[in-house]
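To start, the structure itself, in structure tokens.
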Amino acid sequence: MAEENKENLITVNIDGQDLQVPPGTNMVEAVKMLGKEVPHYCYHPKLSVAGNCRMCLVEMGMPGRDRATGEAMLNEDGTPKIMWMPGPAIACGTKAAPGMHIKTNSPKAVESRESVTEFLLINHPLDCPICDQAGECKLQEFSASHGRGYSRFVEEKNVKPKRTRLGPRVTLDDERCILCSRCIRFSQEVAKDDVLGFTDRGSYSTLTCFPGKELANNYSLNTVDICPVGALTSTDFRFKMRVWFLKETKSIDFESSVGCNTVVSSREGKIYRITPRQNDEVNDTWMPDSGRELYKQVEAVDRLSFSSVNGSETSAVEAIKSAAELLKGEGVAIVGSGRNTVEEQFVLKAIADRVNAKGVYLVARYGDDDEILVSKDRNPNVRGALATGLISDLPAEQLSVLASQIDSGEVKTLLATKEDLVAAGLTVEQLKKVKLVVIDTHASDTTANADVVIAGLTQFEKSGTLINQQFRIQKFHKAVPGPVGSIDDLAALSAIQASLSGETMPTVVGTVWERIAAEGSIFEGLSFKGIPDTGALLDGSAFAGLAFAEGKSLHFEPKLEAAAAE
Amino acid sequence: MAIVVKRKPLNLLEKLYIPEIARGLAVTFRRMLFGETVTLEYPEQRPPIPAGYRGVPTLVRDPEGREKCVSCQLCEFVCPPKAIRITPGEIPEDSEYAHVEKGPKEFDIDMLRCIYCGMCQEVCPEEAIWLQNQYSMSGYSRAEMVNDKTKLYELGGTLPDEHFKWNKKKEAAEHGGGHH
Ligand code: SF4
Ligand code: FES
């Protein structure tokens, strides 16, 4: 593909350096290819071009042509003569044309940027000490690198409302807004919920919601991410922590099979916020609001902080020992989960083979497709269970088969991970009939009736991989340590398998992968370290016959996938 | 390179040493009898503290009694031994100072860590933290050596303010700021 594109590449000249770019590339992107930056506010690579902030001004010229003859005009040394435009042009709205020359650092370009910066700062409140954006604010950065460093404005600054509630999760500080319209374009183009607009003119211009509307869609917090200044703030994160203290960990959104790439920001073991991480194949630069709240489960009141056997607290090691004893018994069934990582599912599969499981189940969890970044399948890793061979068919929402197996006495022992069996259709009586081993993070009816409870970790406290709806395997990393008394689910499962089989079993993700990849399965050749941060596509054709529930999402077409598999 | 200090050879009077002892005792008795003391009876007597002295860091209020700190956490960031710990908070909307929006919910300075470098005072954009003339901190436990918000304001008191910048901001808002 790269070959045929070479033909129509356009040559442009940036600051005296020739560069070949695909047609349609704008000058901001072209300059970025050279490793330089044209400062910009309103331009966003995933949104339409508005060209209203004027920060990206550069000098531009085209090779001249003689009006009379149409001949190319040449300098004395035979090079094409460049006719420079009298005024600067915006780089974001200028598409590459053959022979186009631009200067990003000429005195005229520098002066344009300084002037734009001075104008933007005229009415800006400069309240960086109390602004949450400080530290990741484009206006702050560009004022330092492209500003004059002083202001000639002596008049009174504009005053606008400082805490307007735009919606349940977004608060607007109107004084800081530089009227770039990114948030408006995002709402129209990506969230498809056209609620934001500007009212009034000149220095009165104000960002508002249309009358009777509010910014309440499930993507509203993306406007906070793309706002180049601190005008749009997250009501949840507002005034909680300055961003320069936050440690960023690459993670994945667990809420559905889309698998949005995320960044978890934490300080000293406490998570403060979750923001999207760019992956052009999955979520571009967006993520749903619902996925940003998942960190609250880490400190939820019903969080399990210790393991127990028959209701009394024990160490994890003791609990694992008792669990293995129980699983050596007769009639063992396993309830895995679409929330388990690929590694956990792999070890679960080994346990299932070892105990000759009477059945291995997953619990399906369905919601509505929003056609953007939340899919119908609300389990992040059902495909992982298929790929590891833990299950061979799509799971059902209710465990009715398991229920009848318990009633008939076929199943006498149950190992369940990360699922509330009562919510999945089993009754408390049925749970009481079997020996029950549960690995979970939060208290539920199931843990209350279990013989052995092993306190596991949430997604933020461990590392692992998930397979999303495109059969893309993506990894996430540990952001914070788990509570004292908990144990990594993978380590617990591996220890159980080791004591069942009498063989050693690797307990950390990296070494478990040596086994996963050695199987000759679709994981062949992969390693945990070797999976890129944006994931690796697996060959899912073996599962093309299954009727996956998801509809279309931002970068996923169910039919296309089926067609490609044929 | 070592510097060798040459000693003067002793003269006869010094060699006899008794006259020298008498001379020394004369100084002692002069101080004792004529009150020329150079020491202080600490802690009853305290030395005068020169201006610009870097004592215990404290938080101050402006002459109106408003707490000046807006919990920007720059001091926490700049503090070399990581002695400062701030929990930021929001000023409620019904407060007189609602327009300041942000203030510290908790503010702890661990005086066992503090090295009195004054970086916090230098970095503070609100002139809210000052190393003043308090120089002696003692306590019976580690916990006692951590100054919390109440203690810090107690130590800091009120300092004059030249700007009253937040008042100006509030006035601007009341007059329609920029739009007359
Ligand atoms: S609120 Fe932010 S994103 Fe929206 S127009 Fe203003 S500066 Fe741009
Ligand atoms: S980025 Fe080009 S005008 Fe705003």
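Just remember, in the structure tokens the first chain shown is A, the second B, etc., residues are 1-based per chain, and ligands are 1-based in the order shown.
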Taking only C-alpha atoms and all ligand atoms and a cut-off of 6 Å, can you tell me which residues surround ligand 1, written as a ChimeraX atom specification? /A:177-183,227-229,231-232
Using only C-alpha atoms, which chain B residues lie at most 7 Å away from chain A, written as a ChimeraX atom specification? /B:70,72,88-90,102,172-173,176-178
Contacts of chain A with ligand 2 up to 12 Å, shortest pair per row, only C-alpha atoms and all ligand atoms, as a tab-separated table:
```
residue	atom	partner	partner_atom_place_in_ligand_line	distance
A:Asn26	CA	ligand 2	2 (Fe)	10.0
A:Met27	CA	ligand 2	2 (Fe)	9.5
A:Val28	CA	ligand 2	2 (Fe)	8.0
A:Glu29	CA	ligand 2	1 (S)	11.0
A:Glu37	CA	ligand 2	1 (S)	11.4
A:Val38	CA	ligand 2	1 (S)	8.5
A:Pro39	CA	ligand 2	1 (S)	7.3
A:His40	CA	ligand 2	1 (S)	4.0
A:Tyr41	CA	ligand 2	1 (S)	4.9
A:Cys42	CA	ligand 2	4 (Fe)	4.0
A:Tyr43	CA	ligand 2	1 (S)	4.1
A:His44	CA	ligand 2	1 (S)	7.7
A:Pro45	CA	ligand 2	1 (S)	10.1
A:Leu47	CA	ligand 2	1 (S)	11.4
A:Ser48	CA	ligand 2	1 (S)	10.9
A:Val49	CA	ligand 2	2 (Fe)	7.7
A:Ala50	CA	ligand 2	3 (S)	6.8
A:Gly51	CA	ligand 2	3 (S)	3.4
A:Asn52	CA	ligand 2	3 (S)	4.6
A:Cys53	CA	ligand 2	4 (Fe)	3.8
A:Arg54	CA	ligand 2	3 (S)	3.7
A:Met55	CA	ligand 2	4 (Fe)	5.4
A:Cys56	CA	ligand 2	2 (Fe)	4.5
A:Leu57	CA	ligand 2	2 (Fe)	6.9
A:Val58	CA	ligand 2	2 (Fe)	9.7
A:Pro88	CA	ligand 2	3 (S)	11.4
A:Ala89	CA	ligand 2	2 (Fe)	8.9
A:Ile90	CA	ligand 2	2 (Fe)	5.1
A:Ala91	CA	ligand 2	2 (Fe)	5.8
A:Cys92	CA	ligand 2	2 (Fe)	4.3
A:Gly93	CA	ligand 2	2 (Fe)	6.3
A:Thr94	CA	ligand 2	2 (Fe)	8.9
A:Lys95	CA	ligand 2	2 (Fe)	11.8
A:Ser112	CA	ligand 2	3 (S)	11.8
A:Arg113	CA	ligand 2	3 (S)	10.9
A:Val116	CA	ligand 2	3 (S)	10.3
A:Thr117	CA	ligand 2	4 (Fe)	11.8
A:Leu120	CA	ligand 2	4 (Fe)	11.9
A:Lys138	CA	ligand 2	1 (S)	11.6
A:Ile178	CA	ligand 2	4 (Fe)	10.4
A:Leu179	CA	ligand 2	4 (Fe)	10.0
A:Cys180	CA	ligand 2	4 (Fe)	6.9
A:Ser181	CA	ligand 2	4 (Fe)	9.5
A:Arg182	CA	ligand 2	4 (Fe)	9.7
A:Pro228	CA	ligand 2	4 (Fe)	10.9
```
Write out as a list of chain:residue names all residues of segment 159-218 of chain A that backbone DSSP assigns to strand (DSSP E). A:Thr164, A:Arg165, A:Val170, A:Thr171, A:Leu172, A:Leu196, A:Gly197, A:Phe198, A:Thr199, A:Thr206, A:Leu207, A:Thr208, A:Cys209
Residues as selected, N, CA and C atoms, written as a PDB file, in the first residue's frame, can you do that?
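Done, and the output landed in result-v7.pdb:
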```
ATOM      1  N   THR A 164     -19.842  27.665  36.139  1.00  0.00           N
ATOM      2  CA  THR A 164     -21.113  27.327  35.519  1.00  0.00           C
ATOM      3  C   THR A 164     -21.193  25.815  35.384  1.00  0.00           C
ATOM      4  N   ARG A 165     -22.331  25.275  35.782  1.00  0.00           N
ATOM      5  CA  ARG A 165     -22.501  23.839  35.625  1.00  0.00           C
ATOM      6  C   ARG A 165     -23.043  23.580  34.226  1.00  0.00           C
ATOM      7  N   VAL A 170     -19.404  18.205  34.136  1.00  0.00           N
ATOM      8  CA  VAL A 170     -18.529  19.242  33.586  1.00  0.00           C
ATOM      9  C   VAL A 170     -18.874  20.614  34.165  1.00  0.00           C
ATOM     10  N   THR A 171     -17.849  21.311  34.656  1.00  0.00           N
ATOM     11  CA  THR A 171     -18.015  22.668  35.166  1.00  0.00           C
ATOM     12  C   THR A 171     -17.211  23.610  34.281  1.00  0.00           C
ATOM     13  N   LEU A 172     -17.814  24.734  33.930  1.00  0.00           N
ATOM     14  CA  LEU A 172     -17.160  25.684  33.017  1.00  0.00           C
ATOM     15  C   LEU A 172     -16.687  26.917  33.765  1.00  0.00           C
ATOM     16  N   LEU A 196     -23.691  22.411  22.672  1.00  0.00           N
ATOM     17  CA  LEU A 196     -22.884  23.573  23.043  1.00  0.00           C
ATOM     18  C   LEU A 196     -22.852  24.598  21.926  1.00  0.00           C
ATOM     19  N   GLY A 197     -22.724  25.872  22.303  1.00  0.00           N
ATOM     20  CA  GLY A 197     -22.590  26.925  21.306  1.00  0.00           C
ATOM     21  C   GLY A 197     -22.109  28.200  21.966  1.00  0.00           C
ATOM     22  N   PHE A 198     -21.702  29.180  21.129  1.00  0.00           N
ATOM     23  CA  PHE A 198     -21.307  30.483  21.655  1.00  0.00           C
ATOM     24  C   PHE A 198     -22.483  31.444  21.557  1.00  0.00           C
ATOM     25  N   THR A 199     -22.652  32.279  22.575  1.00  0.00           N
ATOM     26  CA  THR A 199     -23.618  33.368  22.466  1.00  0.00           C
ATOM     27  C   THR A 199     -22.861  34.676  22.591  1.00  0.00           C
ATOM     28  N   THR A 206     -19.544  33.906  24.941  1.00  0.00           N
ATOM     29  CA  THR A 206     -19.627  32.994  26.068  1.00  0.00           C
ATOM     30  C   THR A 206     -20.013  31.612  25.577  1.00  0.00           C
ATOM     31  N   LEU A 207     -19.378  30.617  26.112  1.00  0.00           N
ATOM     32  CA  LEU A 207     -19.771  29.251  25.781  1.00  0.00           C
ATOM     33  C   LEU A 207     -20.962  28.877  26.660  1.00  0.00           C
ATOM     34  N   THR A 208     -22.033  28.367  26.028  1.00  0.00           N
ATOM     35  CA  THR A 208     -23.186  27.945  26.828  1.00  0.00           C
ATOM     36  C   THR A 208     -23.828  26.718  26.214  1.00  0.00           C
ATOM     37  N   CYS A 209     -24.696  26.094  26.982  1.00  0.00           N
ATOM     38  CA  CYS A 209     -25.542  25.038  26.442  1.00  0.00           C
ATOM     39  C   CYS A 209     -26.763  25.699  25.828  1.00  0.00           C
TER      40      CYS A 209
END
```
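In terms of minimum interatomic distance to Asp62 of chain B, B:Tyr153 ranks closest within B:Phe29, B:Tyr135, B:Tyr42, B:Tyr153, counting only C-alpha atoms.
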Separation of atom CA of Val301 of chain A from atom CA of Glu313 of chain A, in Å and rounded to one decimal: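 Between atom CA of Val301 of chain A and atom CA of Glu313 of chain A the gap works out to 17.6 Å.
By chain and then residue number, the residues within 8 Å of Ile129 of chain B are Pro57, Thr58, Leu59, Val60, Cys69, Cys120, Gln121 and Cys124 of chain B, counting only C-alpha atoms and disregarding those fewer than 4 positions away in sequence.
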Write out as a PyMOL selection string each polymer residue whose atoms come within 12 Å of Phe556 of chain A, counting only C-alpha atoms; drop sequence neighbours fewer than 3 positions from it. chain A and resi 257-259+280-283+369+371-375+468-472+550-553+559-562
Atom-to-atom span, atom CA of Glu557 of chain A and atom CA of Asn279 of chain A, Å: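 Separation of atom CA of Glu557 of chain A and atom CA of Asn279 of chain A: 16.8 Å.
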Interatomic distance (Å, one decimal) between atom CA of Ile320 of chain A and atom CA of Gly389 of chain A: 24.1 Å
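With only C-alpha atoms as the basis for measurement, B:Gln134 is the residue among B:Gln134, B:Asn11, B:Gln73, B:Thr87 that approaches Pro48 of chain B most closely.
For Cys79 of chain B, the list of residues within 12 Å, based on only C-alpha atoms and with local chain neighbours fewer than 2 positions off taken out, reads Pro57, Gln73, Leu74, Cys75, Glu76, Phe77, Pro81, Lys82, Ala83, Ile84, Arg85, Ile86, Ile109, Asp110, Arg113, Cys114, Ile115, Tyr116, Cys117, Gly118, Met119, Cys120, Gln121, Glu122, Val123 and Cys124 of chain B.
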Pick out the residues sitting within 8 Å of Ala96 of chain A, and hand them over as a ChimeraX atom specification; count only C-alpha atoms, and ignore anything fewer than 4 positions along from it in its own chain. /A:10,12,21,23-27,30,100
Using N, CA, C and O atoms, can you write the selected residues to a file as a PDB file, in the first residue's frame?
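Result file selection_15.pdb:
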```pdb
ATOM      1  N   ILE A  10       3.175  14.543  -2.273  1.00  0.00           N
ATOM      2  CA  ILE A  10       3.411  15.916  -2.688  1.00  0.00           C
ATOM      3  C   ILE A  10       4.672  16.413  -1.991  1.00  0.00           C
ATOM      4  O   ILE A  10       4.873  16.133  -0.817  1.00  0.00           O
ATOM      5  N   VAL A  12       6.638  19.355  -0.356  1.00  0.00           N
ATOM      6  CA  VAL A  12       6.525  20.721   0.146  1.00  0.00           C
ATOM      7  C   VAL A  12       7.855  21.077   0.789  1.00  0.00           C
ATOM      8  O   VAL A  12       8.685  20.200   1.029  1.00  0.00           O
ATOM      9  N   VAL A  21       4.713  14.542   1.514  1.00  0.00           N
ATOM     10  CA  VAL A  21       3.555  14.250   2.357  1.00  0.00           C
ATOM     11  C   VAL A  21       2.415  13.746   1.480  1.00  0.00           C
ATOM     12  O   VAL A  21       2.353  14.066   0.298  1.00  0.00           O
ATOM     13  N   PRO A  23      -1.269  13.673  -0.125  1.00  0.00           N
ATOM     14  CA  PRO A  23      -2.159  14.785  -0.423  1.00  0.00           C
ATOM     15  C   PRO A  23      -3.209  14.934   0.672  1.00  0.00           C
ATOM     16  O   PRO A  23      -3.641  13.948   1.273  1.00  0.00           O
ATOM     17  N   GLY A  24      -3.624  16.156   0.938  1.00  0.00           N
ATOM     18  CA  GLY A  24      -4.646  16.372   1.966  1.00  0.00           C
ATOM     19  C   GLY A  24      -4.056  16.647   3.325  1.00  0.00           C
ATOM     20  O   GLY A  24      -4.759  17.023   4.245  1.00  0.00           O
ATOM     21  N   THR A  25      -2.729  16.447   3.485  1.00  0.00           N
ATOM     22  CA  THR A  25      -2.096  16.725   4.777  1.00  0.00           C
ATOM     23  C   THR A  25      -2.092  18.225   5.017  1.00  0.00           C
ATOM     24  O   THR A  25      -1.741  18.990   4.128  1.00  0.00           O
ATOM     25  N   ASN A  26      -2.467  18.658   6.206  1.00  0.00           N
ATOM     26  CA  ASN A  26      -2.367  20.096   6.449  1.00  0.00           C
ATOM     27  C   ASN A  26      -0.996  20.421   7.019  1.00  0.00           C
ATOM     28  O   ASN A  26      -0.225  19.542   7.384  1.00  0.00           O
ATOM     29  N   MET A  27      -0.693  21.692   7.060  1.00  0.00           N
ATOM     30  CA  MET A  27       0.678  22.087   7.369  1.00  0.00           C
ATOM     31  C   MET A  27       1.068  21.813   8.821  1.00  0.00           C
ATOM     32  O   MET A  27       2.237  21.596   9.113  1.00  0.00           O
ATOM     33  N   ALA A  30       2.161  18.304   8.637  1.00  0.00           N
ATOM     34  CA  ALA A  30       3.396  18.181   7.861  1.00  0.00           C
ATOM     35  C   ALA A  30       4.598  18.612   8.700  1.00  0.00           C
ATOM     36  O   ALA A  30       5.633  17.946   8.714  1.00  0.00           O
ATOM     37  N   MET A 100       4.698  23.958  -2.484  1.00  0.00           N
ATOM     38  CA  MET A 100       4.402  24.957  -1.451  1.00  0.00           C
ATOM     39  C   MET A 100       5.593  25.128  -0.504  1.00  0.00           C
ATOM     40  O   MET A 100       6.253  24.173  -0.130  1.00  0.00           O
TER      41      MET A 100
END
```
Can you list every residue in segment 138-276 of chain A that DSSP puts in helix (DSSP H, G or I), as a PyMOL selection string? chain A and resi 138-146+174-176+182-189+202-204+221-226+243-245
For Thr275 of chain A, work out the shell of residues within 12 Å, counting only C-alpha atoms and skipping chain neighbours fewer than 2 positions away, then give it as a ChimeraX atom specification. /A:219,221-226,234,237,248-253,260-266,271-273,277-278,283,285-295
